[in-house]
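What follows is a set of notes on a single structure, which appears directly below.
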Amino acid sequence: MPTNVILVHGYSVRSLDAYGMLPQLLQNDGYSAQRVYLSAYDSLNNDITCDDLALALEARIRSLETSGLDLTVSAVIAHSTGAIVVRRWLLNRWAAGGKLPSHFVSLAGANHGSTLAQLGETQLAYVFRAADGGTSVGLEVLQDLDYGSAYLLKLNEDWLDAYLSKSPPITMAFSLIGDNHSGLINQIFWQTNENGSDSTVRISGGNLNYRFLSIDQASADPELAVKALPSPVPHLVLAGVSHTGDTGILGGNEETMNLVYPHIKEALAVLQPGDYGVLSDKWQNLSNQWNAANQKDCNATMVFSLKHPGGRNVADSLILIKDSNSSNAQSIINVANAIEPRQPIQNATTPSSVSFYVNYSGFIATYPHTIEISVNSGCAEITYPAATYTVQADQTGSIRPNEFTYVKVALDRQSVGTYEVIPASQNPDVHQTWPPLPKSQQ
């Protein structure tokens with residue numbers, strides 16, 4: 001097992017008691033207090049970003065290394081927002097050629113965001129924060145947590161690129177998340193009561209197994225490019241465990257931690273690639289059993305990211321997902337029945353990112369699907385050809401239970417109507433103003 005353990009909390013934490021019993025459980029297993037490190041960071045300042053926190057974490061780790069910490073025999077256990085801070089830090093360090101931790105354990109990590117991100121930006125959230133003695137809500141962190149944010153798109157594609165590279169990070173990653181969103185307080189807002197969530201993070205959002213699908217509409221022969229990890233990350237769904245509180249995956253009571261901690265120990269005990277694969281298979285079998293018993297909560301998320309050539313965002317778009325086997329009206333209804341309530345969700349600051357949350361079994365029952373993408377430029381001279389794709393159930397791009405799928409579409413932006421070349425031999429009216437542009441007689 002690793003010699004040291006670094007604990008990283010999540011969003012809105014303001015005291016070290018957020019770690020609950022975990023530091024003591026680690027010490028009971030032989031870790032001295034000097035080998036267990038408790039992180040503290042400010043996620044509620046409106047000017048602080050997750051990138052800022054990753055850079056600050058690097059500065060603190062360097063200081064610990066100067067004092068003798070060997071990061072290569074250290075594990076980092078991160079909860080919720082802490083997971084995306086740690087992953088960014090880890091990738092930054094890998095790119096710089098620095099030493100990396102041996103283990104990374106994501107506990108209900110908001111690895112792909114949280115439905116609560118937009119709720120946290122509302123005036124109501126400011127009122128709640130003021131009642132707790134605060135004046136800000138961590139606006140930048142919340143924007144980073146919004147589905148399809150620039151931060152999450154870059155983080156998750158960079159993560160795949162790193163582990164697909166010739167010299168991938170040595171860090172072994174693990175993810176655990178609960179399914180309990182039944183608490184009375186969770187019934188107040190729909191965002192805290194979604195099927196397939198722990199009240200704060202979707203099970204699919206905590207999963208480090210995901211894919212990036214990319215297509216360039218302007219290419220001569222558009223083909224779907226697929227990125228996925230070379231081998232699956234051990235991922236486990238824990239029944240009855242929630243995000244926080246007495247049943248929280250971090251900070252839970254003794255009964256809850258008796259469910260959670262043995263699996264943390266399993267992750268930390270993995271030292272060899274072969275053992276990593278064995279644990280991945282074991283946890284997958286357990287999660288498959290959970291999937292079969294909880295079909296209502298076995299869901300998947302798709303994030304569409306539409307970009308102009310050069311990467312600029314799209315302001316006005318429409319994405320329709322239809323059942324190809326039915327009439328036009330019925331085809332939309334069939335798929336809509338499998339889409340979770342209040343979907344899709346458009347990113348609050350990047351309107352070109354749109355996410356759909358679907359029930360897995362209901363959604364795949366309506367394959368094949370037709371996906372139609374329409375874009376309005378707001379300008380008569382700029383047009384986009386209609387984009388229609390058919391997705392079969394057995395294609396690589398199909399969704400998978402409790403996973404995220406990112407779909408990046410580079411649009412075919414046609415701007416030919418913005419420019420004219422008129423031969424002088426045609427004696428054009430040089431005093432004519434445009435629009436409309438003068439037209440060649442050819």
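Just remember, in the structure tokens the first chain shown is A, the second B, etc., residues are 1-based per chain, and ligands are 1-based in the order shown.
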Kindly assemble as CSV a list of the stretch 262-327 of chain A residues that lie within 12 Å of stretch 3-22 of chain A, each paired with its nearest atom pair and their distance in Å to one decimal, using only C-alpha atoms, sorted first by chain and then by ascending residue number.
```
residue,atom,partner,partner_atom,distance
A:Pro262,CA,A:Leu22,CA,11.3
A:Ile264,CA,A:Leu22,CA,10.0
A:Lys265,CA,A:Leu22,CA,11.2
A:Leu268,CA,A:Val5,CA,9.6
A:Ala269,CA,A:Thr3,CA,11.2
```
Output the selection as a PDB file, in the first residue's frame - C-alpha atoms for each residue.
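Listing of again-v9.pdb after writing:
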```
ATOM      1  CA  PRO A 262     -13.119  -1.540   2.705  1.00  0.00           C
ATOM      2  CA  ILE A 264     -10.874   2.308  -0.445  1.00  0.00           C
ATOM      3  CA  LYS A 265      -8.523  -0.252   1.113  1.00  0.00           C
ATOM      4  CA  LEU A 268      -4.899   1.236  -2.107  1.00  0.00           C
ATOM      5  CA  ALA A 269      -3.809  -2.425  -1.972  1.00  0.00           C
TER       6      ALA A 269
END
```
Next item on the list: Write out as a ChimeraX atom specification all residues of stretch 7-256 of chain A that DSSP puts in strand (DSSP E) for this structure's backbone.
Entry: /A:7-8,36-38,74-79,103-107,172-178,210-216,225-228,235-238
Checklist line | Selected residue, from A:Ala336, A:Ile371, A:Leu90, A:Val430, that lies nearest to A:Pro168 when counting only C-alpha atoms | finding: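 Smallest separation from A:Pro168 among the options: A:Leu90.
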Margin query: For the structure I just gave you, how does DSSP split stretch 244-426 of chain A - specifically, which residues are alpha helix (DSSP H)? Reply as an MDAnalysis selection string.
Written below: chainID A and resid 254:268 273:293 328:336 360:364
Which residues, written as a PDB file with N, CA and C atoms, in the first residue's frame, have at least one atom at most 12 Å from A:Asn186, with only C-alpha atoms counted and residues fewer than 4 positions away on the same chain left out?
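So part.pdb came out as:
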```pdb
ATOM      1  N   LEU A 116     -26.040  20.463  -9.870  1.00  0.00           N
ATOM      2  CA  LEU A 116     -26.206  21.540  -8.900  1.00  0.00           C
ATOM      3  C   LEU A 116     -25.419  22.797  -9.254  1.00  0.00           C
ATOM      4  N   ASN A 180     -27.662   7.116  -3.222  1.00  0.00           N
ATOM      5  CA  ASN A 180     -28.729   7.517  -2.303  1.00  0.00           C
ATOM      6  C   ASN A 180     -29.036   9.005  -2.437  1.00  0.00           C
ATOM      7  N   HIS A 181     -30.231   9.330  -2.926  1.00  0.00           N
ATOM      8  CA  HIS A 181     -30.693  10.717  -2.988  1.00  0.00           C
ATOM      9  C   HIS A 181     -32.068  10.835  -2.333  1.00  0.00           C
ATOM     10  N   SER A 182     -32.328   9.966  -1.343  1.00  0.00           N
ATOM     11  CA  SER A 182     -33.659   9.864  -0.743  1.00  0.00           C
ATOM     12  C   SER A 182     -33.884  10.799   0.440  1.00  0.00           C
ATOM     13  N   TRP A 190     -35.266  19.749  -7.656  1.00  0.00           N
ATOM     14  CA  TRP A 190     -35.159  18.599  -8.556  1.00  0.00           C
ATOM     15  C   TRP A 190     -33.708  18.236  -8.817  1.00  0.00           C
ATOM     16  N   GLN A 191     -32.834  19.226  -8.733  1.00  0.00           N
ATOM     17  CA  GLN A 191     -31.422  18.967  -9.014  1.00  0.00           C
ATOM     18  C   GLN A 191     -30.798  17.999  -8.015  1.00  0.00           C
ATOM     19  N   THR A 192     -31.325  17.953  -6.797  1.00  0.00           N
ATOM     20  CA  THR A 192     -30.770  17.061  -5.778  1.00  0.00           C
ATOM     21  C   THR A 192     -31.515  15.740  -5.707  1.00  0.00           C
ATOM     22  N   ASN A 193     -32.488  15.547  -6.594  1.00  0.00           N
ATOM     23  CA  ASN A 193     -33.323  14.354  -6.529  1.00  0.00           C
ATOM     24  C   ASN A 193     -33.390  13.631  -7.879  1.00  0.00           C
ATOM     25  N   GLU A 194     -32.332  13.749  -8.667  1.00  0.00           N
ATOM     26  CA  GLU A 194     -32.308  13.064  -9.955  1.00  0.00           C
ATOM     27  C   GLU A 194     -32.155  11.554  -9.769  1.00  0.00           C
ATOM     28  N   ASN A 195     -32.799  10.791 -10.615  1.00  0.00           N
ATOM     29  CA  ASN A 195     -32.534   9.358 -10.651  1.00  0.00           C
ATOM     30  C   ASN A 195     -31.056   9.142 -11.001  1.00  0.00           C
ATOM     31  N   SER A 197     -28.329   9.345  -9.058  1.00  0.00           N
ATOM     32  CA  SER A 197     -27.367  10.288  -8.489  1.00  0.00           C
ATOM     33  C   SER A 197     -27.243  10.049  -6.994  1.00  0.00           C
ATOM     34  N   ASP A 198     -26.226  10.669  -6.396  1.00  0.00           N
ATOM     35  CA  ASP A 198     -26.054  10.571  -4.941  1.00  0.00           C
ATOM     36  C   ASP A 198     -26.551  11.833  -4.254  1.00  0.00           C
ATOM     37  N   SER A 199     -27.371  12.607  -4.956  1.00  0.00           N
ATOM     38  CA  SER A 199     -27.978  13.882  -4.576  1.00  0.00           C
ATOM     39  C   SER A 199     -27.188  15.080  -5.086  1.00  0.00           C
ATOM     40  N   THR A 200     -25.932  14.880  -5.463  1.00  0.00           N
ATOM     41  CA  THR A 200     -25.089  15.986  -5.919  1.00  0.00           C
ATOM     42  C   THR A 200     -24.393  15.660  -7.235  1.00  0.00           C
ATOM     43  N   SER A 242     -24.719   8.193   0.048  1.00  0.00           N
ATOM     44  CA  SER A 242     -25.034   9.482  -0.563  1.00  0.00           C
ATOM     45  C   SER A 242     -23.766  10.327  -0.695  1.00  0.00           C
ATOM     46  N   HIS A 243     -23.956  11.590  -1.055  1.00  0.00           N
ATOM     47  CA  HIS A 243     -22.805  12.456  -1.302  1.00  0.00           C
ATOM     48  C   HIS A 243     -22.186  12.960   0.001  1.00  0.00           C
ATOM     49  N   THR A 244     -23.049  13.409   0.910  1.00  0.00           N
ATOM     50  CA  THR A 244     -22.589  13.952   2.190  1.00  0.00           C
ATOM     51  C   THR A 244     -23.559  13.524   3.286  1.00  0.00           C
ATOM     52  N   GLY A 245     -23.309  13.986   4.496  1.00  0.00           N
ATOM     53  CA  GLY A 245     -24.195  13.679   5.611  1.00  0.00           C
ATOM     54  C   GLY A 245     -23.872  12.351   6.261  1.00  0.00           C
TER      55      GLY A 245
END
```
Item checked: Nearest to A:Leu271 by atom-to-atom distance, counting only C-alpha atoms, from A:Pro2, A:Gly248, A:Leu160, A:Thr418 ->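 For A:Leu271, the nearest of the given residues is A:Pro2.
The coordinates place atom CA of A:Arg93 at 12.8 Å from atom CA of A:Arg60.
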Next item on the list: Could you jot down the atom CA of A:Ala162 to atom CA of A:Gly205 separation for me, Å, one decimal place?
Entry: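 If I compute the distance from atom CA of A:Ala162 to atom CA of A:Gly205, I get 19.9 Å.
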Next item on the list: Go through A:Asn28, A:Thr350, A:Asn313, A:Asn427 one by one, measure the shortest atom-to-atom distance of each to A:Asp146 using only C-alpha atoms, and give the residue with the smallest value.
Entry: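 Comparing A:Asn28, A:Thr350, A:Asn313, A:Asn427 against A:Asp146, the winner is A:Thr350.
For the pair atom CA of A:Gln143 and atom CA of A:Tyr126, the separation is 15.0 Å.
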Next item on the list: Can you work out which one of A:Leu145, A:Ile319, A:Ala218, A:Val303 has the shortest atom-to-atom distance to A:Pro385, counting only C-alpha atoms?
Entry: A:Ala218
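Nearest to A:Thr370 of all the residues A:Leu64, A:Val354, A:Val36, A:Val391 is A:Val391, counting only C-alpha atoms.
In terms of minimum interatomic distance to A:Asn294, A:Pro401 ranks closest within A:Pro351, A:Pro344, A:Pro401, A:Gly113, counting only C-alpha atoms.
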Item checked: A:Ser415 surroundings by only C-alpha atoms, 8 Å radius, close-in-sequence under 2 positions cut, as an MDAnalysis selection string -> chainID A and resid 381:383 413 417:419
Check: A:Leu142: which residues within 12 Å, counting only C-alpha atoms, same-chain residues fewer than 5 positions away excluded, as a PyMOL selection string?
Finding: chain A and resi 10-12+43-50+81+110+113-122+125+136-137+147+149+151-152+347-349
Restricted to C-alpha atoms, what would the selected residues look like written as a PDB file, in the first residue's frame?
```
ATOM      1  CA  GLY A  10     -14.935  19.172  -2.282  1.00  0.00           C
ATOM      2  CA  TYR A  11     -16.851  22.364  -2.980  1.00  0.00           C
ATOM      3  CA  SER A  12     -18.081  24.615  -0.147  1.00  0.00           C
ATOM      4  CA  SER A  43     -13.837  27.121  -3.177  1.00  0.00           C
ATOM      5  CA  LEU A  44     -16.325  29.864  -2.279  1.00  0.00           C
ATOM      6  CA  ASN A  45     -14.429  32.928  -3.472  1.00  0.00           C
ATOM      7  CA  ASN A  46     -16.074  34.160  -6.690  1.00  0.00           C
ATOM      8  CA  ASP A  47     -12.701  34.911  -8.295  1.00  0.00           C
ATOM      9  CA  ILE A  48     -11.037  31.523  -7.710  1.00  0.00           C
ATOM     10  CA  THR A  49     -11.106  28.912 -10.496  1.00  0.00           C
ATOM     11  CA  CYS A  50     -10.376  25.189 -10.468  1.00  0.00           C
ATOM     12  CA  THR A  81     -15.022  18.917  -6.769  1.00  0.00           C
ATOM     13  CA  ALA A 110     -17.607  15.523  -9.994  1.00  0.00           C
ATOM     14  CA  GLY A 113     -19.711  18.137 -13.498  1.00  0.00           C
ATOM     15  CA  SER A 114     -22.818  18.402 -11.360  1.00  0.00           C
ATOM     16  CA  THR A 115     -26.456  19.312 -11.973  1.00  0.00           C
ATOM     17  CA  LEU A 116     -26.206  21.540  -8.900  1.00  0.00           C
ATOM     18  CA  ALA A 117     -23.689  23.861 -10.583  1.00  0.00           C
ATOM     19  CA  GLN A 118     -26.294  26.166 -12.114  1.00  0.00           C
ATOM     20  CA  LEU A 119     -28.455  26.057  -8.967  1.00  0.00           C
ATOM     21  CA  GLY A 120     -25.419  27.197  -6.986  1.00  0.00           C
ATOM     22  CA  GLU A 121     -25.142  30.343  -9.119  1.00  0.00           C
ATOM     23  CA  THR A 122     -28.679  31.572  -8.404  1.00  0.00           C
ATOM     24  CA  ALA A 125     -27.729  30.255  -3.346  1.00  0.00           C
ATOM     25  CA  SER A 136     -19.947  34.645  -2.291  1.00  0.00           C
ATOM     26  CA  VAL A 137     -20.756  31.256  -3.813  1.00  0.00           C
ATOM     27  CA  TYR A 147     -21.873  20.252 -17.761  1.00  0.00           C
ATOM     28  CA  SER A 149     -17.818  23.722 -19.450  1.00  0.00           C
ATOM     29  CA  TYR A 151     -12.746  23.411 -18.058  1.00  0.00           C
ATOM     30  CA  LEU A 152     -14.371  19.962 -18.081  1.00  0.00           C
ATOM     31  CA  ASN A 347     -24.306  25.245 -20.289  1.00  0.00           C
ATOM     32  CA  ALA A 348     -24.949  28.610 -18.631  1.00  0.00           C
ATOM     33  CA  THR A 349     -21.847  30.330 -20.033  1.00  0.00           C
TER      34      THR A 349
END
```
